[in-house]
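A.B. asks: There's a structure below that I have some questions on.
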Amino acid sequence: MKDRNVYYNEDCIEGCKQYFEDGSVDLIISDPPYGISGDQLHKHYNRKEDFVIDGYVEIPSEEYEEFSRKWIKQSERILKPGGCIYIVSGYTNLFFILKALRETQLEELNHIIWKYNFGVYTKTKYVSSHYHILFYKKPGKAHTFNTYARYGALEKTEDGGSLNYLDREDVWIINREYKPGQIKNKNELPTALLSKMILYSSNEEDLVCDLFLGSFSTAKVAIGLNRYATGFEISQRAYEYQTKEIEKVIPGSLLDKVKMPIGPNLDNQGKPWTKEEKLQVYERYKTLRNKLKTKRAVIDELSKEFGRGRFSLDKILKEMKEEPKQWELGL
């Protein structure tokens with residue numbers, strides 16, 4: 001597998017032109033430079049830089065708009081039809097990234113808010129506590145989205161809510177990883193964040209690309225989840241160090257460490273209903289209604305047996321008029 005994991009020590013814009021054919025990448029995850037003196041952020045965020053690898057390459061603010069336009073245009077080109085891209089951004093230059101995306105044919109799927117503690121203190125304004133994650137797809141083919149990548153359809157919270165639904169909301173609360181005494185890059189994305197994006201938006205043996213490798217976190221997590229990885233890092237020092245480190249990553253080594261779904265999936269969700277299936281569901285409902293205490297418990301069981309979602313089952317059962325009084329029980 002490692003012979004297909006190739007990394008380049010050069011500028012991503014020119015590198016994409018040289019090394020990547022049109023439509024050759026399944027998924028892109030990128031955390032581009034800040035454009036706000038990112039090499040000096042430790043002075044504002046009370047960070048110790050003793051173990052941080054030197055060589056962070058910043059983009060001057062006056063060049064950021066054109067820089068964003070160029071690398072996002074290359075991302076659009078190298079993505080396969082149906083391929084997706086996640087872009088992690090602060091708010092300062094978010095405008096330029098959104099503007100660049102609107103100059104492409106890429107289609108927005110979600111504007112995700114990633115909430116975590118920055119470690120800053122303010123007295124005259126609200127405390128910054130989130131990043132933006134822009135989730136877009138390339139048109140031309142259905143995109144990969146593994147709805148049950150992490151939680152099964154019937155996994156519940158302590159109060160009976162859907163863990164799957166909660167995990168797919170567009171506000172993510174994921175803490176940064178703290179690595180005291182360990183060599184690290186200036187700005188590393190946590191494994192939990194990268195795993196979530198990769199599991200939902202790619203399949204095993206897909207090619208995951210990061211145009212700004214930095215600590216190679218995206219590549220390390222992709223390989224650990226049995227994907228291939230590629231990308232660019234312009235800093236020679238970071239590149240030399242991390243290319244040695246990534247050789248230690250065992251393909252598939254994260255698969256038994258990340259959250260995986262439990263229980264059956266809703267295999268028939270979204271499929272048309274037949275008259276026979278509607279009758280089967282209704283008859284089964286009447287049987288279960290005499291055994292289980294609540295309507296909710298009955299629908300949970302029907303969902304397991306018929307591979308349908310709660311809302312769809314509720315709608316179909318309400319259409320059945322044979323014994324409407326049963327619906328008054330347990331409501």
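Scheme for the structure tokens: letters A, B, ... for chains in order shown; per-chain residue numbers from 1; ligand numbers from 1 in order shown.
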Using only C-alpha atoms, which protein or nucleic acid residues come within 10 Å of Lys259 in chain A? Drop anything in the same chain fewer than 5 positions from it, and give the result as a VMD selection string.
C.D. replies: chain A and resid 149 to 151 192 195 to 196 199 254
A.B. asks: Neighbouring residues of Tyr228 in chain A were defined as those with any atom within 7 Å, considering only C-alpha atoms; residues of the same chain fewer than 6 positions away were excluded. Please report them as a PyMOL selection string.
C.D. replies: chain A and resi 4-5+205-208+222
A.B. asks: Emit the selected residues as an mmCIF file, in the first residue's frame, including C-alpha atoms.
C.D. replies:
```
data_model
loop_
_atom_site.group_PDB
_atom_site.id
_atom_site.type_symbol
_atom_site.label_atom_id
_atom_site.label_comp_id
_atom_site.auth_asym_id
_atom_site.auth_seq_id
_atom_site.Cartn_x
_atom_site.Cartn_y
_atom_site.Cartn_z
ATOM 1 C CA ARG A 4 0.932 4.417 -3.687
ATOM 2 C CA ASN A 5 1.407 6.952 -0.901
ATOM 3 C CA GLU A 205 -8.481 2.215 -0.736
ATOM 4 C CA ASP A 206 -9.710 5.642 -1.884
ATOM 5 C CA LEU A 207 -7.054 8.314 -2.468
ATOM 6 C CA VAL A 208 -7.072 11.148 0.089
ATOM 7 C CA ALA A 222 -5.963 8.158 6.009
#
```
A.B. asks: Determine which residues of range 214-298 of chain A receive a DSSP assignment of alpha helix (DSSP H), computed from the backbone, and state them as an NGL selection string.
C.D. replies: :A and (217-224 or 236-245 or 275-289 or 295-298)
A.B. asks: Each residue of range 79-114 of chain A lying at most 9 Å from range 19-29 of chain A should get a row with its shortest atom-to-atom pair and the distance in Å to one decimal, counting only C-alpha atoms; could you produce that, ordered by chain and increasing number, as a tab-separated table?
C.D. replies:
```
residue	atom	partner	partner_atom	distance
A:Leu79	CA	A:Gly23	CA	4.6
A:Lys80	CA	A:Gly23	CA	3.7
A:Pro81	CA	A:Gly23	CA	6.6
A:Gly82	CA	A:Asp26	CA	8.0
A:Gly83	CA	A:Asp26	CA	4.9
A:Cys84	CA	A:Leu27	CA	5.1
A:Ile85	CA	A:Ile28	CA	4.6
A:Tyr86	CA	A:Ile29	CA	4.8
A:Ile87	CA	A:Ile29	CA	6.1
A:Val88	CA	A:Ile29	CA	8.0
```
A.B. asks: Just checking: using only C-alpha atoms, which residue out of A:Ser61, A:Thr230, A:Ser75, A:Asn164 ends up closest to Ile246 in chain A?
C.D. replies: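 Going through A:Ser61, A:Thr230, A:Ser75, A:Asn164 one by one, the smallest distance to Ile246 in chain A is for A:Thr230.
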A.B. asks: Quick one: residues within 6 Å of range 216-220 of chain A, only C-alpha atoms, excluding same-chain residues fewer than 3 positions away - as an MDAnalysis selection string?
C.D. replies: chainID A and resid 213 223 229
A.B. asks: To one decimal place in Å, what is the distance between CA of Ile113 in chain A and CA of Pro264 in chain A?
C.D. replies: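 Interatomic distance, CA of Ile113 in chain A to CA of Pro264 in chain A: 29.3 Å.
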A.B. asks: Using the chain letters and numbers from this document, which residues of range 177-322 of chain A does DSSP assign to strand (DSSP E or B), as a list in words?
C.D. replies: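 Taking range 177-322 of chain A and keeping strand (DSSP E or B) only, one gets Lys184, Leu207, Val208, Cys209, Asp210, Tyr228, Ala229, Thr230, Gly231 and Phe232 of chain A.
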A.B. asks: Please identify all polymer residues within 12 Å of Leu288 in chain A, counting only C-alpha atoms, omitting same-chain residues fewer than 2 positions from it, and present them as an mmCIF file with C-alpha atoms, in the first residue's frame.
C.D. replies:
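New file around.cif:
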```
data_model
loop_
_atom_site.group_PDB
_atom_site.id
_atom_site.type_symbol
_atom_site.label_atom_id
_atom_site.label_comp_id
_atom_site.auth_asym_id
_atom_site.auth_seq_id
_atom_site.Cartn_x
_atom_site.Cartn_y
_atom_site.Cartn_z
ATOM 1 C CA VAL A 281 -45.657 -3.301 8.440
ATOM 2 C CA TYR A 282 -49.162 -2.575 9.669
ATOM 3 C CA GLU A 283 -49.873 -6.180 10.630
ATOM 4 C CA ARG A 284 -46.533 -6.410 12.390
ATOM 5 C CA TYR A 285 -47.317 -3.139 14.187
ATOM 6 C CA LYS A 286 -50.556 -4.549 15.581
ATOM 7 C CA ASN A 290 -49.757 -5.758 22.212
ATOM 8 C CA LYS A 291 -46.270 -6.721 23.442
ATOM 9 C CA LEU A 292 -44.409 -3.431 23.798
ATOM 10 C CA LYS A 293 -45.359 -0.539 26.063
ATOM 11 C CA THR A 294 -45.005 2.473 23.784
ATOM 12 C CA LYS A 295 -45.428 3.446 20.163
ATOM 13 C CA ARG A 296 -41.784 4.542 20.108
ATOM 14 C CA ALA A 297 -40.592 1.081 21.166
ATOM 15 C CA VAL A 298 -42.760 -0.484 18.464
ATOM 16 C CA ILE A 299 -41.388 1.760 15.721
ATOM 17 C CA ASP A 300 -37.818 1.064 16.875
ATOM 18 C CA GLU A 301 -38.456 -2.645 16.435
ATOM 19 C CA LEU A 302 -40.125 -2.129 13.043
ATOM 20 C CA GLU A 305 -37.022 -5.527 10.946
ATOM 21 C CA GLN A 326 -54.658 1.888 18.129
#
```
A.B. asks: So which residues touch Leu106 in chain A within 9 Å, counting only C-alpha atoms, skipping near sequence neighbours fewer than 6 positions away, as a list in words?
C.D. replies: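 Close residues of Leu106 in chain A: Glu76, Cys84, Tyr136, Lys137, Lys138 and Pro139 of chain A.
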A.B. asks: Extract, using only C-alpha atoms, all DNA, RNA and protein residues at most 10 Å from Lys278 in chain A, discarding same-chain residues fewer than 4 positions from it, and format them as a VMD selection string.
C.D. replies: chain A and resid 273 to 274 282 to 284 313 316 to 317 319 to 320
A.B. asks: Could those selected residues go to a file with C-alpha atoms, as a compact mmCIF listing (two decimals), in the first residue's frame?
C.D. replies:
```txt
# COMPACT_ATOMS: atom_id res chain seq x y z
CA TRP A 273 -42.93 1.42 -0.60
CA THR A 274 -44.97 -1.42 -2.11
CA TYR A 282 -49.16 -2.57 9.67
CA GLU A 283 -49.87 -6.18 10.63
CA ARG A 284 -46.53 -6.41 12.39
CA LEU A 313 -42.69 4.26 9.28
CA ILE A 316 -47.03 4.91 6.50
CA LEU A 317 -48.75 3.72 9.63
CA GLU A 319 -52.00 6.23 6.29
CA MET A 320 -53.47 2.89 7.31
```
A.B. asks: For CA of Lys125 in chain A and CA of Gly90 in chain A, determine how far apart the two atoms are, in Å to one decimal place.
C.D. replies: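 Taking CA of Lys125 in chain A and CA of Gly90 in chain A, their separation equals 17.0 Å.
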A.B. asks: Find the residue from A:Gly231, A:Pro261, A:Pro32, A:Gly119 that sits nearest to Tyr200 in chain A; use only C-alpha atoms when measuring.
C.D. replies: A:Pro261
A.B. asks: Which one of A:Tyr148, A:Asp31, A:Thr191, A:Arg102 sits closest to His132 in chain A if you count only C-alpha atoms?
C.D. replies: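 Among A:Tyr148, A:Asp31, A:Thr191, A:Arg102, it is A:Asp31 that comes nearest to His132 in chain A.
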